Amino acid sequence: MSHLPTTITFASEVKAIPGGEHLELCYSCGTCVSKCLIQQKVDPAYNPRRLLRMVMMDLKTDAYLDPTTWLCSECDLCYEACPQEIHISQVITAVKHLAVEAGFTSPLIAVSVDEDLCSGCGICAMVCPYEAPSLFEKEVNGEVDRLSQVDQNKCMGCGTCVGACPLSAIGREGVTNTEIEAQIPTPESKPPTLITFICDWSLRAEDDLKILESYPPDQVNIVHIPCTGRIDPQHALMALDSGVRGVLVCGCKPGECHYKRGNYAATCKMGLLDSLLGQMNLPEKQIQFVQIGTQDRGRIRHEVDGMLSALFDIKEAV
Amino acid sequence: MTAKPKLAFYWAASCGGCEITITELGMRLVDVSEQADIVFWPAAMDFKYDDVRQMADEEIDVCFFNGAIRNSENEEMAHLLRQKSKTMIAFGSCAHMGGIPGLANMYDIESLCQRVFDTSPSIDDSRGTRPQKTTTMPEGDIDLPTLFDHVKYLGEIVNIDYFMPGCPPVVDQVWIVFQAVLNGNLPARGSVLGADGRSVCDVCSRDKAETGFRINEFKRPHEVELDPITCFLTQGVICCGPATRAGCGTPCLEGNMPCRGCYGPAEGVQDQGAKLASAIGAMIDTEDPDKLQTILNTIVDPAGSFYRFGLAHSIMSRMKYE
């Protein structure tokens with residue numbers, strides 16, 4: 001019996017990684033692409049279907065350079081839609097794993113740790129949906145110090161760690177505490193009625209954002225955050241303290257978070273904040289967390305109007 | 001020969017623990033009394049308020065003021081001592097940020113009085129006795145100080161030069177600060193005394209959780225056998241260490257108890273309780289989203305857990321009473 005020639009194909013490498021074995025089930029229908037928010041909101045070149053084809057066609061370098069390899073945040077909206085039930089994000093993760101091994105790096109801007117501020121509490125490592133931060137030991141001035149470090153290739157930039165870090169030691173351009181706090185009005189700056197913290201993914205359509213932007217700035221201010229996992233109850237309280245009448249945090253529906261668990265982390269934080277306000281006998285309605293789903297186009301107007309009228313009621317009651 | 005510095009110690013709404021920490025200096029107090037004149041210390045020596053009133057302004061070099069501001073007497077003494085002192089130190093958690101008395105800011109006076117004078121299990125008084133503001137005696141009327149509608153911290157009503165956190169400040173730090181006072185080398189005004197710029201986690205050597213660990217149930221310290229070498233949070237026990245200033249020497253951690261947060265917010269923390277809610281809220285296990293509320297409900301008293309010593313100093317307290 002003759003030996004068949006064995007060649008290690010790119011596809012077989014991908015399939016050898018747990019999660020990658022689903023690759024061959026794909027018949028390129030493209031349903032995943034139609035579901036993908038990255039394709040719609042960030043990069044039209046983003047295309048899971050095509051990436052899977054690249055793997056099957058042995059186009060290794062093209063796959064490693066393709067944005068699809070790096071931008072997938074494992075939200076798994078495509079997984080639910082795939083008629084073949086392919087866990088596409090796991091296949092993409094397998095490709096990414098091989099890309100990192102081959103020396104390619106993520107084009108995303110990852111969070112970074114300020115080692116002077118880091119206490120090594122490890123909270124970032126516990127809250128990250130992608131296990132990007134981890135603790136390591138380093139000698140600082142003759143003493144062993146425990147610090148956090150971030151795997152740049154795992155970080156998706158959601159900011160969940162930034163919201164959780166007690167000491168502002170971890171941050172990313174655009175979502176550091178200093179940058180968010182600069183957008184919170186001061187009493188001198190004539191605070192608006194309502195400040196909204198909007199997850200960049202929760203308003204799926206451009207016209208939803210336009211609805212929000214159509215309110216006059218003295219009525220509604222908008223602070224963009226990458227995910228409600230970034231929310232920090234301190235900022236909500238600081239806004240109210242400065243004279244803003246209400247805080248609306250707007251995130252994605254359960255099961256639809258772009259970063260897997262950010263909206264759940266926000267649910268817990270906002271739930272705790274609600275309890276704190278309740279214990280202090282302060283009106284809980286001043287701070288609201290709404291979760292807008294992929295099917296909820298236009299709902300933002302209803303939420304903002306509802307909040308504005310609730311705030312009016314609170315003012316009347318006082 | 002330069003004159004000895006004049007020191008004053010006062011207690012407002014406090015438990016007396018801050019006074020005990022000073023007496024814990026033991027024989028070192030004799031050194032203090034040799035190098036300084038203690039001109040006012042109601043807890044330990046016989047002085048009257050009138051003695052202070054008769055002093056010249058700024059006659060006292062350093063006043064260590066402990067306790068929160070709960071009533072008109074506390075407030076009057078805070079203003080008087082401020083006027084008579086060159087340097088005013090908010091000493092201990094209550095003066096720094098309201099302390100345990102500040103937890104009363106969750107309630108109104110009537111419900112507090114009901115609890116204290118009517119429904120407390122140790123009270124058996126069918127007559128419903130309440131303290132009276134004014135009582136007429138043969139010698140004339142005597143007045144009780146007026147209770148305020150909320151607890152304030154010292155810095156809220158007078159300018160303070162330093163704060164020295166802790167419930168109580170640990171004795172080693174007290175000694176360091178006393179020596180600085182006696183040697184005339186206190187740091188720049190506005191600094192924190194007897195503490196550290198770092199957080200408690202920075203000085204805690206307990207093992208941290210594995211990456212990706214999440215909390216699926218909160219327990220109170222008495223409900224669980226605590227592991228002495230593992231991070232309390234990974235055991236589901238609320239620890240305020242992540243957002244709390246270091247400098248205490250971690251006696252609670254060494255006693256296998258979590259940090260309660262008495263040294264106040266660490267550098268960079270705006271609001272200790274809200275920051276803890278942000279950090280601890282994000283650590284909750286989200287594997288089963290239907291259980292989030294159940295897990296949250298295992299935090300029995302969020303305000304008391306996250307703001308145990310700092311509620312009067314919190315943004316929420318300011319929102320409520322301003």
# chains A, B, ... in the order shown; residues from 1 in each chain; ligands from 1
>>> closest_atom_pairs(of="range 145-251 of chain A", to="range 274-279 of chain B", cutoff="10 Å", atoms="only C-alpha atoms", output="tab-separated table")
residue	atom	partner	partner_atom	distance
A:Thr160	CA	B:Ala279	CA	9.6
A:Cys161	CA	B:Ala279	CA	8.6
A:Val162	CA	B:Ala279	CA	9.5
A:Gly163	CA	B:Ser278	CA	6.6
A:Ala164	CA	B:Ala279	CA	4.1
A:Cys165	CA	B:Ala279	CA	6.3
A:Pro166	CA	B:Lys275	CA	6.1
A:Leu167	CA	B:Lys275	CA	9.1
A:Gly229	CA	B:Ser278	CA	9.5
A:Arg230	CA	B:Ser278	CA	9.2
A:Ile231	CA	B:Ser278	CA	7.8
A:Asp232	CA	B:Ser278	CA	5.5
A:Pro233	CA	B:Ala274	CA	5.4
A:Gln234	CA	B:Ala274	CA	5.1
A:His235	CA	B:Ala274	CA	8.8
A:Ala236	CA	B:Ala274	CA	9.2
A:Leu237	CA	B:Ala274	CA	8.1
>>> select_by_dssp(residues="range 3-157 of chain B", states="strand (DSSP E or B)", output="number ranges by chain")
B: 6-11, 13, 37-40, 60-66, 68-71, 85-91, 134-137, 140-143, 147-152
>>> closest_residue(among="B:Thr119, B:Phe148, B:Leu103, B:Glu217", to="chain A", atoms="only C-alpha atoms")
B:Leu103
>>> interface_residues(of="chain A", to="chain B", cutoff="8 Å", atoms="only C-alpha atoms", output="PyMOL selection string")
chain A and resi 118-123+125-129+131+133-134+146+160+163-168+229+231-234+237-238+240-241+254+261+264-269+271-273+275-277+279-282
>>> closest_atom_pairs(of="range 23-108 of chain A", to="range 9-18 of chain A", cutoff="6 Å", atoms="only C-alpha atoms", output="Markdown table")
| residue | atom | partner | partner_atom | distance |
| --- | --- | --- | --- | --- |
| A:Val55 | CA | A:Ala11 | CA | 5.4 |
| A:Met56 | CA | A:Ala11 | CA | 5.4 |
| A:Asp58 | CA | A:Phe10 | CA | 5.2 |
| A:Ala94 | CA | A:Val14 | CA | 5.8 |
>>> write_last_selection(atoms="C-alpha atoms", output="compact mmCIF listing (two decimals), in the first residue's frame")
# COMPACT_ATOMS: atom_id res chain seq x y z
CA VAL A 55 -8.39 29.60 4.70
CA MET A 56 -9.82 26.91 2.48
CA ASP A 58 -4.64 28.33 1.44
CA ALA A 94 -8.06 29.99 15.43
>>> residues_around(residues="Leu144 in chain B", least_positions_apart="2", cutoff="7 Å", atoms="only C-alpha atoms", output="list of chain:residue names")
B:Lys133, B:Thr134, B:Ile142, B:Thr146
>>> residues_around(residues="range 304-308 of chain A", least_positions_apart="2", cutoff="8 Å", atoms="only C-alpha atoms", output="count of residues only")
10
>>> closest_residue(among="B:Phe163, B:Phe309, B:Tyr321, B:Phe47", to="Ala90 in chain B", atoms="only C-alpha atoms")
B:Phe163
>>> residues_around(residues="Thr196 in chain A", least_positions_apart="2", cutoff="8 Å", atoms="only C-alpha atoms", output="PyMOL selection string")
chain A and resi 194+198+220-223+247-250
>>> select_by_dssp(residues="range 216-277 of chain B", states="alpha helix (DSSP H)", output="ChimeraX atom specification")
/B:251-254,272-277
>>> residues_around(residues="Arg308 in chain B", least_positions_apart="6", cutoff="9 Å", atoms="only C-alpha atoms", output="PDB file with C-alpha atoms, in the first residue's frame")
ATOM      1  CA  GLY B  99     -16.921  58.034  59.427  1.00  0.00           C
ATOM      2  CA  ILE B 100     -19.404  55.558  60.852  1.00  0.00           C
ATOM      3  CA  GLY B 102     -22.026  59.457  58.461  1.00  0.00           C
ATOM      4  CA  LEU B 103     -24.003  56.286  57.685  1.00  0.00           C
ATOM      5  CA  ARG B 260     -13.310  48.168  55.353  1.00  0.00           C
ATOM      6  CA  GLY B 261     -12.034  51.301  53.657  1.00  0.00           C
ATOM      7  CA  CYS B 262     -11.344  53.478  56.722  1.00  0.00           C
ATOM      8  CA  GLY B 273     -18.179  53.852  47.053  1.00  0.00           C
TER       9      GLY B 273
END
>>> residues_around(residues="Asp218 in chain A", least_positions_apart="5", cutoff="8 Å", atoms="only C-alpha atoms", output="list in words")
Lys190, Pro191, Pro192 and Thr193 of chain A
>>> closest_residue(among="B:Gly236, B:Gly67, B:Gly166, B:Gly16", to="Ala44 in chain B", atoms="only C-alpha atoms")
B:Gly16
>>> closest_residue(among="A:Arg172, A:Lys35, A:Arg50, A:Lys260", to="Val113 in chain A", atoms="only C-alpha atoms")
A:Arg172
>>> closest_residue(among="A:Val244, A:Cys227, A:Cys36, A:Leu71", to="Ser189 in chain A", atoms="only C-alpha atoms")
A:Val244
